[in-house]
file upload19.cif (mmCIF, C-alpha atoms and all ligand atoms)
data_structure
loop_
_atom_site.label_atom_id
_atom_site.label_comp_id
_atom_site.auth_asym_id
_atom_site.auth_seq_id
_atom_site.Cartn_x
_atom_site.Cartn_y
_atom_site.Cartn_z
CA MET A 1278 87.87 97.60 115.50
CA ASN A 1279 90.23 95.89 117.94
CA LYS A 1280 87.27 93.95 119.31
CA TRP A 1281 86.87 92.42 115.87
CA ILE A 1282 90.50 91.35 115.82
CA GLU A 1283 90.20 89.90 119.32
CA LYS A 1284 87.20 87.85 118.27
CA LEU A 1285 88.98 86.85 115.09
CA ARG A 1286 91.91 85.50 117.07
CA GLU A 1287 89.47 83.35 119.03
CA LYS A 1288 88.38 81.87 115.69
CA ASP A 1289 84.90 83.20 116.31
CA LYS A 1290 83.10 81.99 113.20
CA ARG A 1291 80.54 84.77 113.10
CA THR A 1292 83.22 87.43 113.25
CA ILE A 1293 85.26 85.72 110.55
CA ALA A 1294 82.21 85.44 108.31
CA ARG A 1295 81.34 89.08 108.85
CA ILE A 1296 84.84 90.30 108.03
CA ILE A 1297 84.86 88.28 104.81
CA THR A 1298 81.47 89.73 103.89
CA LYS A 1299 82.90 93.22 104.44
CA ILE A 1300 85.70 92.32 102.04
CA GLU A 1301 83.28 91.01 99.41
CA LYS A 1302 81.14 94.11 99.68
CA GLN A 1303 84.09 96.50 99.73
CA ASP A 1304 82.90 97.91 103.03
CA PRO A 1305 84.60 101.20 104.00
CA ASP A 1306 85.94 99.47 107.16
CA LYS A 1307 87.63 96.82 105.10
CA ASP A 1308 91.03 98.43 104.58
CA GLN A 1309 91.42 99.32 108.22
CA LEU A 1310 90.56 95.77 109.27
CA LEU A 1311 93.03 94.34 106.79
CA GLU A 1312 95.74 96.65 108.08
CA LEU A 1313 95.14 95.41 111.60
CA LEU A 1314 95.06 91.74 110.72
CA PHE A 1315 97.80 91.59 108.12
CA PRO A 1316 100.65 91.55 110.67
CA LEU A 1317 99.03 88.44 112.15
CA THR A 1318 99.26 86.53 108.88
CA GLY A 1319 102.02 84.36 107.44
CA ASN A 1320 101.75 81.30 109.64
CA ALA A 1321 99.28 79.13 107.76
CA PHE A 1322 100.13 76.57 105.11
CA LEU A 1323 98.23 77.79 102.03
CA VAL A 1324 97.12 75.06 99.66
CA GLY A 1325 95.40 75.73 96.34
CA ILE A 1326 93.21 73.01 94.85
CA THR A 1327 92.20 73.64 91.27
CA GLY A 1328 90.54 71.71 88.45
CA SER A 1329 87.53 71.70 86.14
CA PRO A 1330 84.00 71.92 87.55
CA GLY A 1331 82.90 68.45 88.68
CA ALA A 1332 86.44 67.09 89.01
CA GLY A 1333 85.70 66.31 92.63
CA LYS A 1334 87.55 69.16 94.33
CA SER A 1335 84.92 69.73 97.00
CA SER A 1336 84.56 66.01 97.73
CA LEU A 1337 88.32 65.77 98.03
CA LEU A 1338 88.52 68.79 100.29
CA ASP A 1339 85.92 67.30 102.54
CA ARG A 1340 88.08 64.20 102.97
CA LEU A 1341 91.26 66.20 103.33
CA ILE A 1342 89.70 68.18 106.16
CA GLU A 1343 89.08 64.92 108.04
CA THR A 1344 92.65 63.77 107.48
CA ILE A 1345 94.13 67.07 108.60
CA ARG A 1346 91.83 67.30 111.60
CA ALA A 1347 92.96 63.83 112.69
CA GLU A 1348 96.37 65.44 113.29
CA GLN A 1349 94.75 68.06 115.52
CA LEU A 1350 95.45 70.83 113.01
CA SER A 1351 92.82 73.47 112.33
CA VAL A 1352 91.56 74.01 108.78
CA GLY A 1353 90.12 76.99 106.93
CA VAL A 1354 88.54 76.62 103.51
CA ILE A 1355 87.79 79.23 100.87
CA ALA A 1356 85.86 77.79 97.95
CA VAL A 1357 85.58 79.91 94.82
CA ASP A 1358 83.25 78.67 92.15
CA PRO A 1359 81.68 81.30 89.91
CA THR A 1360 80.29 78.50 87.73
CA SER A 1361 77.89 77.39 90.43
CA PRO A 1362 75.72 80.17 91.79
CA PHE A 1363 74.37 79.71 95.28
CA THR A 1364 71.18 78.06 94.13
CA GLY A 1365 73.03 75.53 91.96
CA GLY A 1366 73.19 71.80 92.57
CA ALA A 1367 76.89 71.64 93.29
CA ILE A 1368 76.55 74.13 96.09
CA LEU A 1369 73.76 72.08 97.60
CA GLY A 1370 76.32 69.30 97.92
CA ASP A 1371 78.76 71.79 99.39
CA ARG A 1372 76.15 72.84 101.94
CA VAL A 1373 75.72 69.27 103.14
CA ARG A 1374 79.47 68.93 103.46
CA MET A 1375 79.62 72.20 105.32
CA THR A 1376 77.05 71.20 107.90
CA LYS A 1377 79.08 68.09 108.61
CA HIS A 1378 82.01 70.23 109.74
CA ALA A 1379 79.88 73.05 111.09
CA LEU A 1380 80.05 71.84 114.68
CA ASP A 1381 83.82 71.56 114.60
CA GLU A 1382 85.25 74.74 116.09
CA GLN A 1383 88.53 74.17 114.29
CA VAL A 1384 87.06 74.10 110.79
CA PHE A 1385 85.82 77.15 108.91
CA ILE A 1386 84.39 76.88 105.39
CA ARG A 1387 83.37 79.76 103.21
CA SER A 1388 82.10 79.82 99.64
CA MET A 1389 82.72 82.89 97.55
CA GLY A 1390 80.98 83.66 94.30
CA SER A 1391 81.88 86.22 91.69
CA ARG A 1392 78.72 87.96 92.79
CA GLY A 1393 79.39 90.59 95.39
CA SER A 1394 83.15 90.75 94.94
CA LEU A 1395 83.23 94.26 93.60
CA GLY A 1396 86.96 94.62 93.76
CA GLY A 1397 87.50 91.50 91.70
CA LEU A 1398 87.25 87.91 92.68
CA ALA A 1399 90.97 87.24 92.99
CA ARG A 1400 91.49 90.25 95.24
CA ALA A 1401 88.59 89.36 97.55
CA THR A 1402 89.70 85.74 97.75
CA LYS A 1403 93.25 86.59 98.71
CA GLU A 1404 92.05 88.96 101.37
CA ALA A 1405 89.68 86.31 102.71
CA VAL A 1406 92.68 83.97 102.96
CA TRP A 1407 94.50 86.59 105.03
CA VAL A 1408 91.53 86.70 107.38
CA LEU A 1409 91.71 82.95 107.99
CA ASP A 1410 95.48 83.11 108.29
CA ALA A 1411 95.22 85.86 110.90
CA ALA A 1412 92.56 83.85 112.74
CA GLY A 1413 95.23 81.20 113.23
CA TYR A 1414 94.10 78.30 111.07
CA ASP A 1415 97.03 75.93 110.53
CA VAL A 1416 96.09 74.90 107.02
CA ILE A 1417 94.05 76.91 104.54
CA LEU A 1418 92.62 75.12 101.54
CA ILE A 1419 91.59 77.25 98.58
CA GLU A 1420 89.30 75.58 96.05
CA THR A 1421 89.03 77.25 92.66
CA VAL A 1422 87.72 76.25 89.28
CA GLY A 1423 90.65 76.12 86.91
CA VAL A 1424 89.14 78.30 84.23
CA GLY A 1425 89.86 81.91 83.48
CA GLN A 1426 92.52 84.36 84.54
CA ALA A 1427 90.88 85.30 87.84
CA GLU A 1428 91.09 81.69 88.98
CA LEU A 1429 94.71 81.42 87.92
CA ASP A 1430 95.47 84.65 89.75
CA ILE A 1431 94.04 83.20 92.92
CA MET A 1432 96.68 80.51 92.78
CA HIS A 1433 99.35 83.13 93.37
CA VAL A 1434 98.36 83.15 97.00
CA ALA A 1435 99.10 79.45 97.57
CA ASP A 1436 102.33 77.91 98.81
CA THR A 1437 101.42 74.65 97.13
CA VAL A 1438 99.05 74.08 94.23
CA ALA A 1439 97.37 70.75 93.45
CA LEU A 1440 95.60 70.16 90.16
CA VAL A 1441 92.69 67.70 90.14
CA MET A 1442 92.00 65.74 86.96
CA ASN A 1443 89.73 62.82 86.01
CA PRO A 1444 90.24 59.76 83.85
CA GLY A 1445 88.37 59.88 80.59
CA ALA A 1446 87.78 63.62 80.82
CA GLY A 1447 90.17 64.15 77.94
CA ASP A 1448 91.30 67.53 79.17
CA VAL A 1449 94.97 66.82 79.73
CA VAL A 1450 96.19 68.43 76.53
CA GLN A 1451 93.95 71.44 77.01
CA VAL A 1452 95.10 71.89 80.57
CA PHE A 1453 98.66 71.55 79.37
CA LYS A 1454 98.21 74.16 76.65
CA ALA A 1455 96.57 76.60 79.03
CA GLY A 1456 99.68 76.46 81.20
CA ILE A 1457 97.72 75.16 84.16
CA MET A 1458 99.87 72.06 84.50
CA GLU A 1459 102.88 74.25 85.02
CA ILE A 1460 101.50 76.11 87.99
CA ALA A 1461 100.71 72.87 89.81
CA ASP A 1462 103.13 71.30 92.28
CA MET A 1463 101.28 68.01 92.31
CA TYR A 1464 98.54 66.24 90.39
CA ILE A 1465 95.57 64.42 91.80
CA VAL A 1466 93.91 61.88 89.55
CA ASN A 1467 90.54 61.76 91.24
CA LYS A 1468 87.76 59.29 90.36
CA ALA A 1469 90.45 56.66 90.02
CA ASP A 1470 87.63 54.13 90.35
CA LEU A 1471 86.64 54.98 86.77
CA PRO A 1472 88.34 53.33 83.78
CA GLY A 1473 91.41 55.05 82.36
CA ALA A 1474 93.12 56.20 85.56
CA ALA A 1475 96.40 54.44 84.77
CA ARG A 1476 96.36 55.91 81.29
CA LEU A 1477 95.84 59.42 82.61
CA VAL A 1478 98.75 58.99 85.00
CA ALA A 1479 100.92 57.90 82.06
CA GLU A 1480 99.78 60.91 80.02
CA ILE A 1481 100.58 63.33 82.81
CA GLU A 1482 104.00 61.74 83.22
CA GLU A 1483 104.66 62.16 79.53
CA LEU A 1484 103.67 65.81 79.57
CA LEU A 1485 105.73 66.38 82.70
CA ASP A 1486 108.80 65.50 80.70
CA LEU A 1487 107.97 68.34 78.34
CA ILE A 1488 107.66 70.90 81.10
CA GLN A 1489 110.88 72.68 81.89
CA GLN A 1490 111.81 71.51 85.35
CA SER A 1491 113.71 74.37 86.88
CA THR A 1492 113.68 72.87 90.35
CA LYS A 1493 114.57 69.59 91.99
CA TRP A 1494 110.94 68.97 92.86
CA ARG A 1495 109.51 66.07 90.87
CA ARG A 1496 105.77 66.69 90.81
CA PRO A 1497 103.99 63.66 92.26
CA ILE A 1498 100.80 62.14 90.87
CA VAL A 1499 98.35 60.78 93.44
CA GLN A 1500 95.31 58.68 92.62
CA THR A 1501 92.22 59.18 94.76
CA VAL A 1502 88.69 57.88 95.17
CA THR A 1503 86.85 60.19 97.51
CA HIS A 1504 83.93 57.99 98.53
CA GLU A 1505 86.34 55.20 99.45
CA ASN A 1506 88.70 57.62 101.19
CA ARG A 1507 91.41 56.17 98.98
CA GLY A 1508 94.60 58.16 98.40
CA ILE A 1509 93.57 61.03 100.65
CA GLU A 1510 96.22 60.27 103.25
CA GLU A 1511 98.81 60.19 100.47
CA CYS A 1512 97.58 63.56 99.19
CA TRP A 1513 98.16 65.07 102.59
CA GLN A 1514 101.58 63.40 102.83
CA GLN A 1515 102.61 64.82 99.46
CA LEU A 1516 101.35 68.27 100.33
CA GLN A 1517 103.44 68.23 103.47
CA ARG A 1518 106.39 66.82 101.60
CA HIS A 1519 106.17 69.75 99.19
CA ARG A 1520 105.99 72.19 102.05
CA GLN A 1521 109.11 70.65 103.51
CA TYR A 1522 110.83 70.80 100.15
CA LEU A 1523 109.97 74.50 99.82
CA GLN A 1524 111.33 75.26 103.25
CA GLU A 1525 114.52 73.29 102.86
CA SER A 1526 115.30 74.64 99.40
CA GLY A 1527 114.67 78.25 100.37
CA GLU A 1528 111.87 78.45 97.82
CA TRP A 1529 109.32 78.99 100.57
CA ILE A 1530 110.63 82.46 101.32
CA LYS A 1531 111.19 83.25 97.67
CA ARG A 1532 107.67 82.24 96.70
CA ARG A 1533 106.14 84.28 99.46
CA GLN A 1534 108.24 87.30 98.54
CA ASP A 1535 107.14 86.96 94.92
CA HIS A 1536 103.52 86.71 96.00
CA MET A 1537 103.73 89.81 98.13
CA GLN A 1538 105.44 91.80 95.39
CA LEU A 1539 102.71 90.75 93.02
CA GLU A 1540 100.19 91.80 95.63
CA VAL A 1541 101.51 95.37 95.80
CA TRP A 1542 101.80 95.47 92.02
CA GLU A 1543 98.20 94.34 91.62
CA ILE A 1544 96.86 96.94 94.00
CA ILE A 1545 98.69 99.66 92.09
CA GLU A 1546 97.37 98.31 88.81
CA ASP A 1547 93.82 98.26 90.14
CA ALA A 1548 94.11 101.82 91.32
CA PHE A 1549 95.50 102.92 87.97
CA ARG A 1550 92.77 101.17 86.06
CA GLN A 1551 90.06 102.79 88.15
CA PHE A 1552 91.69 106.18 87.81
CA LEU A 1553 92.02 105.81 84.05
CA ARG A 1554 88.44 104.71 83.65
CA ARG A 1555 87.29 107.81 85.51
CA GLU A 1556 89.68 110.05 83.64
CA MET A 1557 88.86 108.73 80.17
CA GLY A 1558 85.18 109.09 80.88
CA LYS A 1559 85.57 112.87 80.96
CA LYS A 1560 84.09 115.00 78.19
CA GLU A 1561 87.37 116.59 77.16
CA TYR A 1562 88.57 113.28 75.73
CA LYS A 1563 85.55 112.74 73.58
CA TYR A 1564 86.60 114.88 70.65
CA GLU A 1565 89.97 113.21 70.28
CA LEU A 1566 88.43 109.76 70.46
CA GLU A 1567 86.02 110.70 67.71
CA GLN A 1568 88.95 111.83 65.60
CA VAL A 1569 90.44 108.38 65.99
CA ALA A 1570 87.14 106.75 65.11
CA GLN A 1571 87.09 108.84 61.92
CA ARG A 1572 90.66 107.76 61.15
CA LYS A 1573 91.84 111.34 61.35
CA LYS A 1574 94.23 110.49 64.15
CA VAL A 1575 96.25 107.40 65.02
CA PRO A 1576 95.35 105.62 68.31
CA HIS A 1577 98.97 105.68 69.46
CA GLN A 1578 99.21 109.39 68.94
CA VAL A 1579 96.14 110.16 71.02
CA ALA A 1580 97.08 107.63 73.67
CA ARG A 1581 100.51 109.20 74.05
CA GLN A 1582 99.01 112.65 74.26
CA TYR A 1583 96.71 111.57 77.07
CA LEU A 1584 99.39 109.68 78.90
CA GLN A 1585 101.65 112.69 78.92
CA LYS A 1586 98.85 114.84 80.19
CA ILE A 1587 97.83 112.47 82.96
CA PHE A 1588 101.34 111.46 83.99
CA PRO A 1589 103.69 114.40 83.42
CA ALA A 1590 106.50 112.16 84.66
CA LEU A 1591 106.28 110.25 81.40
CA ARG A 1592 107.44 113.34 79.50
CA GLU A 1593 110.66 113.34 81.50
CA ASP A 1594 111.01 109.63 80.88
CA GLU A 1595 110.91 109.98 77.13
CA LYS A 1596 113.63 112.60 76.96
N1 LIG B 1 83.22 58.03 90.68
C1 LIG B 1 83.65 59.02 91.46
N2 LIG B 1 82.93 60.15 91.56
C2 LIG B 1 83.39 61.14 92.35
C3 LIG B 1 84.60 61.02 93.06
N3 LIG B 1 84.81 62.19 93.73
C4 LIG B 1 83.76 62.98 93.46
N4 LIG B 1 82.90 62.37 92.63
C5 LIG B 1 81.62 62.92 92.11
O1 LIG B 1 81.89 63.96 91.19
C6 LIG B 1 80.86 64.96 91.26
C7 LIG B 1 81.45 66.36 91.43
O2 LIG B 1 82.06 66.43 92.69
P1 LIG B 1 82.42 67.82 93.38
O3 LIG B 1 83.23 67.49 94.58
O4 LIG B 1 81.23 68.66 93.59
O5 LIG B 1 83.33 68.49 92.25
P2 LIG B 1 83.94 69.98 92.14
O6 LIG B 1 83.06 70.73 91.22
O7 LIG B 1 85.29 69.79 91.54
O8 LIG B 1 83.99 70.56 93.51
C8 LIG B 1 79.95 64.56 92.40
O9 LIG B 1 78.81 63.94 91.89
C9 LIG B 1 80.79 63.57 93.20
O10 LIG B 1 80.01 62.62 93.88
C10 LIG B 1 85.35 59.80 92.94
O11 LIG B 1 86.42 59.61 93.51
N5 LIG B 1 84.83 58.86 92.11
MG MG B 2 83.25 72.39 94.28
#
call {"tool": "encode", "arguments": {"input": "upload19.cif", "output": "structure tokens"}}
result
Amino acid sequence: MNKWIEKLREKDKRTIARIITKIEKQDPDKDQLLELLFPLTGNAFLVGITGSPGAGKSSLLDRLIETIRAEQLSVGVIAVDPTSPFTGGAILGDRVRMTKHALDEQVFIRSMGSRGSLGGLARATKEAVWVLDAAGYDVILIETVGVGQAELDIMHVADTVALVMNPGAGDVVQVFKAGIMEIADMYIVNKADLPGAARLVAEIEELLDLIQQSTKWRRPIVQTVTHENRGIEECWQQLQRHRQYLQESGEWIKRRQDHMQLEVWEIIEDAFRQFLRREMGKKEYKYELEQVAQRKKVPHQVARQYLQKIFPALREDEK
């Protein structure tokens, strides 16, 4: 096991890939590996990049990697896109991008699909981020499609979250309603070569005024065109500026504490859910459930009865 960690610390790509596969497959070794590598984490700058499929997240990431590498920093990437299975066109593009950085020892890119992440996508992704963090990558970029709860959950791992939007996509209001705008620390208007970029910037600014600003951080809006490498440098500048803001304001520590608390909470929740599913699958519950189905008993009544049986502590609580 320690051999694995040794190799990991050397940023050995094969070892890193194999550990992440173990995580995805819920390998029995997984927990022990995580226990060994967790104390080595906490040094990387964790950046979440989210946005609709096709917004240009992967293209942007590809450019960002170049910019970050130019400063001699190492980069790890975890790309989560359940909307494009491995055979899909988008991933083909991702593959090409990957091969470009494949020879660079200081860049590691991994795609994760919903397939194979038995313990839940968000869980597996966060653990994969720990692996890269422990390996010593300076910056870890996490690409996720901004749809669904699992994708939003993933964002709880990031120090800084950037939301990618496109002119003419007409999704600003939807994104706003879904609360996605609020979790972002900066906005990237990508495909700024298309008509309507200035209008989108204005719309975002308007909506920003509606969001309760509880901090001094004014969320910047950066316009980018990936194939022209336009705005990428500014993206990186703003990401770093946010990091600095977090550190100077004390929010850095607070955010990380919140994330770790959530982490423990989530693991407990998962365990409970699994336990309950097993428990409720037992024959002895069947009769009662039928009674509810026949309207002879109230759901609350039966639920309470079960709860008190499973968790005797609850009985004490209710006194
Ligand atoms: N016009 C234009 N197209 C872009 C730009 N960036 C990316 N694209 C295109 O948008 C499509 C989706 O890009 P991709 O990076 O795979 O998006 P993702 O699904 O968000 O990762 C691809 O065809 C890209 O070539 C840009 O700045 N301008
Ligand atoms: Mg992508």
call {"tool": "residues_around", "arguments": {"input": "upload19.cif", "residues": "segment 1342-1344 of chain A", "least_positions_apart": "2", "cutoff": "8 Å", "atoms": "all atoms listed in the file", "output": "list in words"}}
result
Leu1338, Asp1339, Arg1340, Arg1346, Ala1347, Glu1348, Val1352, Val1384, Ile1509, Glu1510 and Trp1513 of chain A
call {"tool": "residues_near_ligand", "arguments": {"input": "upload19.cif", "ligand": "ligand MG 2 (chain B)", "cutoff": "8 Å", "atoms": "all atoms listed in the file", "output": "JSON list (two decimals) with C-alpha atoms, in the coordinates of the input"}}
result
[["chain", "number", "residue", "atom", "x", "y", "z"],
["A", 1330, "PRO", "CA", 84.00, 71.92, 87.55],
["A", 1331, "GLY", "CA", 82.90, 68.45, 88.68],
["A", 1333, "GLY", "CA", 85.70, 66.31, 92.63],
["A", 1334, "LYS", "CA", 87.55, 69.16, 94.33],
["A", 1335, "SER", "CA", 84.92, 69.73, 97.00],
["A", 1336, "SER", "CA", 84.56, 66.01, 97.73],
["A", 1356, "ALA", "CA", 85.86, 77.79, 97.95],
["A", 1357, "VAL", "CA", 85.58, 79.91, 94.82],
["A", 1358, "ASP", "CA", 83.25, 78.67, 92.15],
["A", 1367, "ALA", "CA", 76.89, 71.64, 93.29],
["A", 1368, "ILE", "CA", 76.55, 74.13, 96.09],
["A", 1371, "ASP", "CA", 78.76, 71.79, 99.39],
["A", 1420, "GLU", "CA", 89.30, 75.58, 96.05],
["A", 1421, "THR", "CA", 89.03, 77.25, 92.66],
["A", 1422, "VAL", "CA", 87.72, 76.25, 89.28]]
call {"tool": "axis_aligned_box", "arguments": {"input": "upload19.cif", "around": "ligand LIG 1 (chain B)", "padding_each_side": "4 Å", "output": "AutoDock Vina command-line options"}}
result
--center_x 82.6 --center_y 64.4 --center_z 92.6 --size_x 15.6 --size_y 20.7 --size_z 11.9
call {"tool": "closest_residue", "arguments": {"input": "upload19.cif", "among": "A:Ser1388, A:Thr1292, A:Ala1401, A:Ser1526", "to": "Asp1304 of chain A", "atoms": "only C-alpha atoms"}}
result
A:Ala1401
call {"tool": "atom_distance", "arguments": {"input": "upload19.cif", "atom1": "atom CA of Arg1400 of chain A", "atom2": "atom CA of Phe1315 of chain A"}}
result
14.4 Å
call {"tool": "residues_around", "arguments": {"input": "upload19.cif", "residues": "Val1449 of chain A", "least_positions_apart": "2", "cutoff": "12 Å", "atoms": "all atoms listed in the file", "output": "JSON, numbers by chain"}}
result
{"A": [1328, 1329, 1440, 1441, 1442, 1443, 1444, 1445, 1446, 1447, 1451, 1452, 1453, 1454, 1455, 1456, 1457, 1458, 1464, 1466, 1476, 1477, 1478, 1479, 1480, 1481, 1482, 1483, 1484, 1485]}
call {"tool": "closest_residue", "arguments": {"input": "upload19.cif", "among": "A:Arg1507, A:Lys1563, A:Arg1555, A:His1536", "to": "ligand LIG 1 (chain B)", "atoms": "only C-alpha atoms and all ligand atoms"}}
result
A:Arg1507
call {"tool": "closest_residue", "arguments": {"input": "upload19.cif", "among": "A:Leu1553, A:Ala1461, A:Ile1386, A:Leu1337", "to": "Gly1508 of chain A", "atoms": "only C-alpha atoms"}}
result
A:Leu1337
